[in-house]
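*Asks:* A single structure is presented below for examination.
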Amino acid sequence: MPNLQFRLPWQIPGYALTCTHAVFSHSTNCSSFDNQKDNSLAILQKWRPILEGKGVTVIIGGHTEQKPKGVGFAKNSAVRQSHGRYLCFLDADDVMNPGRVESQLNAAKDNPDAIYTSHGPTVAMPTWFCARTVFDKVGGFDESGKGTPEDLIFFLKHLSSEGKVHRVDEHLMMYRYHPQATTHSIHRDTIWSIRLEALEDNVISNWSQFTIWSAGKQGKRFYRSLRDENKEKVIAFCEVDKKKIEKGVYIYEESKVLPKPRIPILHFTDAKPPLIICVKLDLTGGGLEKNLTFLNLQEGKDYYHFS
């Protein structure tokens, strides 16, 4: 039987009831680990006989320490308590639609080395479904605690170990965005740094030179964030904005190197791949996508997105 794992974040017991309703509609094993100080555990205990009456095995764990140990610890503990071949992730403040487990399980059987998500953003953690072997290969979630994007770290480790991603093109989840979400405890600079480190280690390290698409705020920030050895690989910025192109050059004034690095700013048609594209998708009215098509470039080979 597949293993349905969900963990209940701190101070959102009102959502736990809806979450439990979602689990209630599936015939699968349920492993949960509660390390919080709200009444989530009481809610699960209340639902336990109802769920078990429907054939759902409920495993509830906890600890007596005063301070919560964090999301990564809770998820790892839940996985350790379960025994199923597949892991289905669910947060207490989200809702999964009927049929989610069946759809993702059927897809996972075709490729046990992939993380499966439902329709939506690539790395939205509550949509993940994977074989236990994927979890074991990565080594579980980072347990540093509050402020740590444990899901992003897990995902990047999965990719760096040649793991795969497969999306099930169905609406299987409803993600709640609210003030108490743990997402708000993670600083955007932390996410930027983790993503950049992975890009430098796994992609840019294999290049002798590259171009940055965007001489605007994002492109310049990306350049300044690079390790010194990778800054030296940047041969140009490229742009569609005439005013930026007319400037002709970006001078890295913060550099301690003399003379200051001067990076040419070119029209995008003159840019030499590979490229790092620091422009957000779907915000250019389709212009970026058309330009990439015009250049006949292949994502993952000639360019990567970073924004």
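Letters for chains follow the order of the structure tokens (A, B, ...), residue numbers begin at 1 for each chain, and ligand numbers begin at 1 in the order shown.
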Which residues, written as a PyMOL selection string, have at least one atom at most 12 Å from Phe294 in chain A, with only C-alpha atoms counted and residues fewer than 5 positions away on the same chain left out?

*Replies:* chain A and resi 268-269+287-289

*Asks:* Restricting the calculation to only C-alpha atoms, which member of A:Ile276, A:Val134, A:Ala108, A:Val168 is positioned closest to Leu196 in chain A?

*Replies:*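 Counting only C-alpha atoms, the residue closest to Leu196 in chain A is A:Ile276.
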
*Asks:* Rank nothing, just name the residue among A:Arg224, A:Asn97, A:Asp302, A:Ser160 nearest to Gln209 in chain A, using only C-alpha atoms.

*Replies:*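 Of A:Arg224, A:Asn97, A:Asp302, A:Ser160, the one nearest Gln209 in chain A is A:Asp302, counting only C-alpha atoms.
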
*Asks:* For Phe306 in chain A, work out the shell of residues within 10 Å, counting only C-alpha atoms and skipping chain neighbours fewer than 4 positions away, then give it as a ChimeraX atom specification.

*Replies:* /A:192,195-196,199,212-213,218-219,222,276-280

*Asks:* Keeping C-alpha atoms for every residue in the selection just given, could you write it to a file as a PDB file, in the first residue's frame?

*Replies:*
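In the end it all went to selection.pdb:
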```
ATOM      1  CA  TRP A 192      18.415  33.078  -3.651  1.00  0.00           C
ATOM      2  CA  ARG A 195      19.531  28.309  -5.687  1.00  0.00           C
ATOM      3  CA  LEU A 196      22.627  30.179  -6.851  1.00  0.00           C
ATOM      4  CA  LEU A 199      23.450  26.601 -10.266  1.00  0.00           C
ATOM      5  CA  ILE A 212      23.741  37.102 -18.664  1.00  0.00           C
ATOM      6  CA  TRP A 213      20.384  37.980 -20.240  1.00  0.00           C
ATOM      7  CA  GLN A 218      18.057  41.163 -11.568  1.00  0.00           C
ATOM      8  CA  GLY A 219      20.884  40.587 -14.018  1.00  0.00           C
ATOM      9  CA  PHE A 222      23.025  37.882 -10.279  1.00  0.00           C
ATOM     10  CA  ILE A 276      21.649  32.662 -17.786  1.00  0.00           C
ATOM     11  CA  ILE A 277      18.284  34.377 -18.214  1.00  0.00           C
ATOM     12  CA  CYS A 278      17.447  36.714 -15.342  1.00  0.00           C
ATOM     13  CA  VAL A 279      14.015  37.716 -16.624  1.00  0.00           C
ATOM     14  CA  LYS A 280      10.820  36.371 -15.083  1.00  0.00           C
TER      15      LYS A 280
END
```

*Asks:* List the neighbours of Lys301 in chain A out to 12 Å using only C-alpha atoms; skip same-chain residues closer than 2 positions along the sequence, and give me the result as a PyMOL selection string.

*Replies:* chain A and resi 203-204+206-207+210+273-276+296-299+303-305

*Asks:* Within 10 Å of Pro112 in chain A, counting only C-alpha atoms, which residues show up once you throw out same-chain ones fewer than 2 positions away? Write them as a VMD selection string, please.

*Replies:* chain A and resid 85 to 86 105 107 to 110 114 to 116 130 to 134 163 to 164

*Asks:* Could the residues in this selection be saved with N, CA and C atoms as a PDB file, in the first residue's frame?

*Replies:*
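Produced file result_21.pdb, reproduced below:
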```pdb
ATOM      1  N   ARG A  85       5.987   1.941   0.355  1.00  0.00           N
ATOM      2  CA  ARG A  85       6.964   2.104  -0.722  1.00  0.00           C
ATOM      3  C   ARG A  85       6.903   3.497  -1.326  1.00  0.00           C
ATOM      4  N   TYR A  86       5.783   4.189  -1.136  1.00  0.00           N
ATOM      5  CA  TYR A  86       5.616   5.522  -1.724  1.00  0.00           C
ATOM      6  C   TYR A  86       5.258   6.537  -0.647  1.00  0.00           C
ATOM      7  N   LEU A 105       0.195   7.929  -7.877  1.00  0.00           N
ATOM      8  CA  LEU A 105       0.726   6.580  -7.692  1.00  0.00           C
ATOM      9  C   LEU A 105       0.868   5.879  -9.034  1.00  0.00           C
ATOM     10  N   ALA A 107       1.346   7.243 -11.884  1.00  0.00           N
ATOM     11  CA  ALA A 107       2.471   7.842 -12.601  1.00  0.00           C
ATOM     12  C   ALA A 107       3.802   7.396 -12.008  1.00  0.00           C
ATOM     13  N   ALA A 108       3.865   7.309 -10.686  1.00  0.00           N
ATOM     14  CA  ALA A 108       5.118   6.955 -10.010  1.00  0.00           C
ATOM     15  C   ALA A 108       5.559   5.533 -10.328  1.00  0.00           C
ATOM     16  N   LYS A 109       4.629   4.648 -10.557  1.00  0.00           N
ATOM     17  CA  LYS A 109       4.973   3.262 -10.861  1.00  0.00           C
ATOM     18  C   LYS A 109       5.757   3.157 -12.165  1.00  0.00           C
ATOM     19  N   ASP A 110       5.563   4.128 -13.066  1.00  0.00           N
ATOM     20  CA  ASP A 110       6.261   4.104 -14.350  1.00  0.00           C
ATOM     21  C   ASP A 110       7.719   4.539 -14.226  1.00  0.00           C
ATOM     22  N   ALA A 114      11.657   9.389  -9.934  1.00  0.00           N
ATOM     23  CA  ALA A 114      11.185  10.761 -10.113  1.00  0.00           C
ATOM     24  C   ALA A 114      10.371  11.234  -8.920  1.00  0.00           C
ATOM     25  N   ILE A 115      10.367  12.559  -8.744  1.00  0.00           N
ATOM     26  CA  ILE A 115       9.435  13.208  -7.831  1.00  0.00           C
ATOM     27  C   ILE A 115       8.270  13.676  -8.681  1.00  0.00           C
ATOM     28  N   TYR A 116       7.062  13.357  -8.270  1.00  0.00           N
ATOM     29  CA  TYR A 116       5.882  13.721  -9.043  1.00  0.00           C
ATOM     30  C   TYR A 116       5.172  14.884  -8.382  1.00  0.00           C
ATOM     31  N   CYS A 130       6.551  10.572  -4.160  1.00  0.00           N
ATOM     32  CA  CYS A 130       7.754   9.896  -4.649  1.00  0.00           C
ATOM     33  C   CYS A 130       7.909   8.531  -4.004  1.00  0.00           C
ATOM     34  N   ALA A 131       8.745   7.718  -4.608  1.00  0.00           N
ATOM     35  CA  ALA A 131       9.082   6.427  -4.023  1.00  0.00           C
ATOM     36  C   ALA A 131       9.969   6.650  -2.801  1.00  0.00           C
ATOM     37  N   ARG A 132       9.874   5.762  -1.841  1.00  0.00           N
ATOM     38  CA  ARG A 132      10.708   5.877  -0.641  1.00  0.00           C
ATOM     39  C   ARG A 132      12.191   5.852  -1.008  1.00  0.00           C
ATOM     40  N   THR A 133      12.536   5.144  -2.076  1.00  0.00           N
ATOM     41  CA  THR A 133      13.940   5.076  -2.491  1.00  0.00           C
ATOM     42  C   THR A 133      14.486   6.452  -2.856  1.00  0.00           C
ATOM     43  N   VAL A 134      13.633   7.344  -3.380  1.00  0.00           N
ATOM     44  CA  VAL A 134      14.059   8.710  -3.696  1.00  0.00           C
ATOM     45  C   VAL A 134      14.416   9.446  -2.410  1.00  0.00           C
ATOM     46  N   GLY A 163      18.306  12.923 -10.257  1.00  0.00           N
ATOM     47  CA  GLY A 163      16.902  12.587 -10.067  1.00  0.00           C
ATOM     48  C   GLY A 163      16.035  13.251 -11.123  1.00  0.00           C
ATOM     49  N   LYS A 164      14.851  12.757 -11.289  1.00  0.00           N
ATOM     50  CA  LYS A 164      13.948  13.257 -12.319  1.00  0.00           C
ATOM     51  C   LYS A 164      12.707  13.892 -11.698  1.00  0.00           C
TER      52      LYS A 164
END
```

*Asks:* Give the answer as one residue: which of A:Gly140, A:Gly216, A:Gly145, A:Pro264 has the shortest atom-to-atom distance to Phe237 in chain A, using only C-alpha atoms?

*Replies:*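 Of A:Gly140, A:Gly216, A:Gly145, A:Pro264, the one nearest Phe237 in chain A is A:Pro264, counting only C-alpha atoms.
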
*Asks:* Which residues of range 254-306 of chain A have any atom within 9 Å of an atom in range 246-249 of chain A when counting only C-alpha atoms, and what is the closest pair of atoms for each, with the distance in Å to one decimal? Order the rows by chain and rising number and write it as JSON lines.

*Replies:*
```
{"residue": "A:Arg262", "atom": "CA", "partner": "A:Val249", "partner_atom": "CA", "distance": 6.2}
{"residue": "A:Ile263", "atom": "CA", "partner": "A:Val249", "partner_atom": "CA", "distance": 5.4}
{"residue": "A:Pro264", "atom": "CA", "partner": "A:Val249", "partner_atom": "CA", "distance": 4.3}
{"residue": "A:Ile265", "atom": "CA", "partner": "A:Gly248", "partner_atom": "CA", "distance": 5.0}
{"residue": "A:Leu266", "atom": "CA", "partner": "A:Gly248", "partner_atom": "CA", "distance": 7.1}
```

*Asks:* Hey, can you spit out that residue selection with C-alpha atoms as a PDB file, in the first residue's frame?

*Replies:*
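Written output follows (part-v1.pdb):
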```pdb
ATOM      1  CA  ARG A 262      33.741  46.319 -17.530  1.00  0.00           C
ATOM      2  CA  ILE A 263      31.100  43.990 -18.985  1.00  0.00           C
ATOM      3  CA  PRO A 264      29.731  44.771 -22.492  1.00  0.00           C
ATOM      4  CA  ILE A 265      25.961  45.160 -22.948  1.00  0.00           C
ATOM      5  CA  LEU A 266      24.854  43.700 -26.288  1.00  0.00           C
TER       6      LEU A 266
END
```
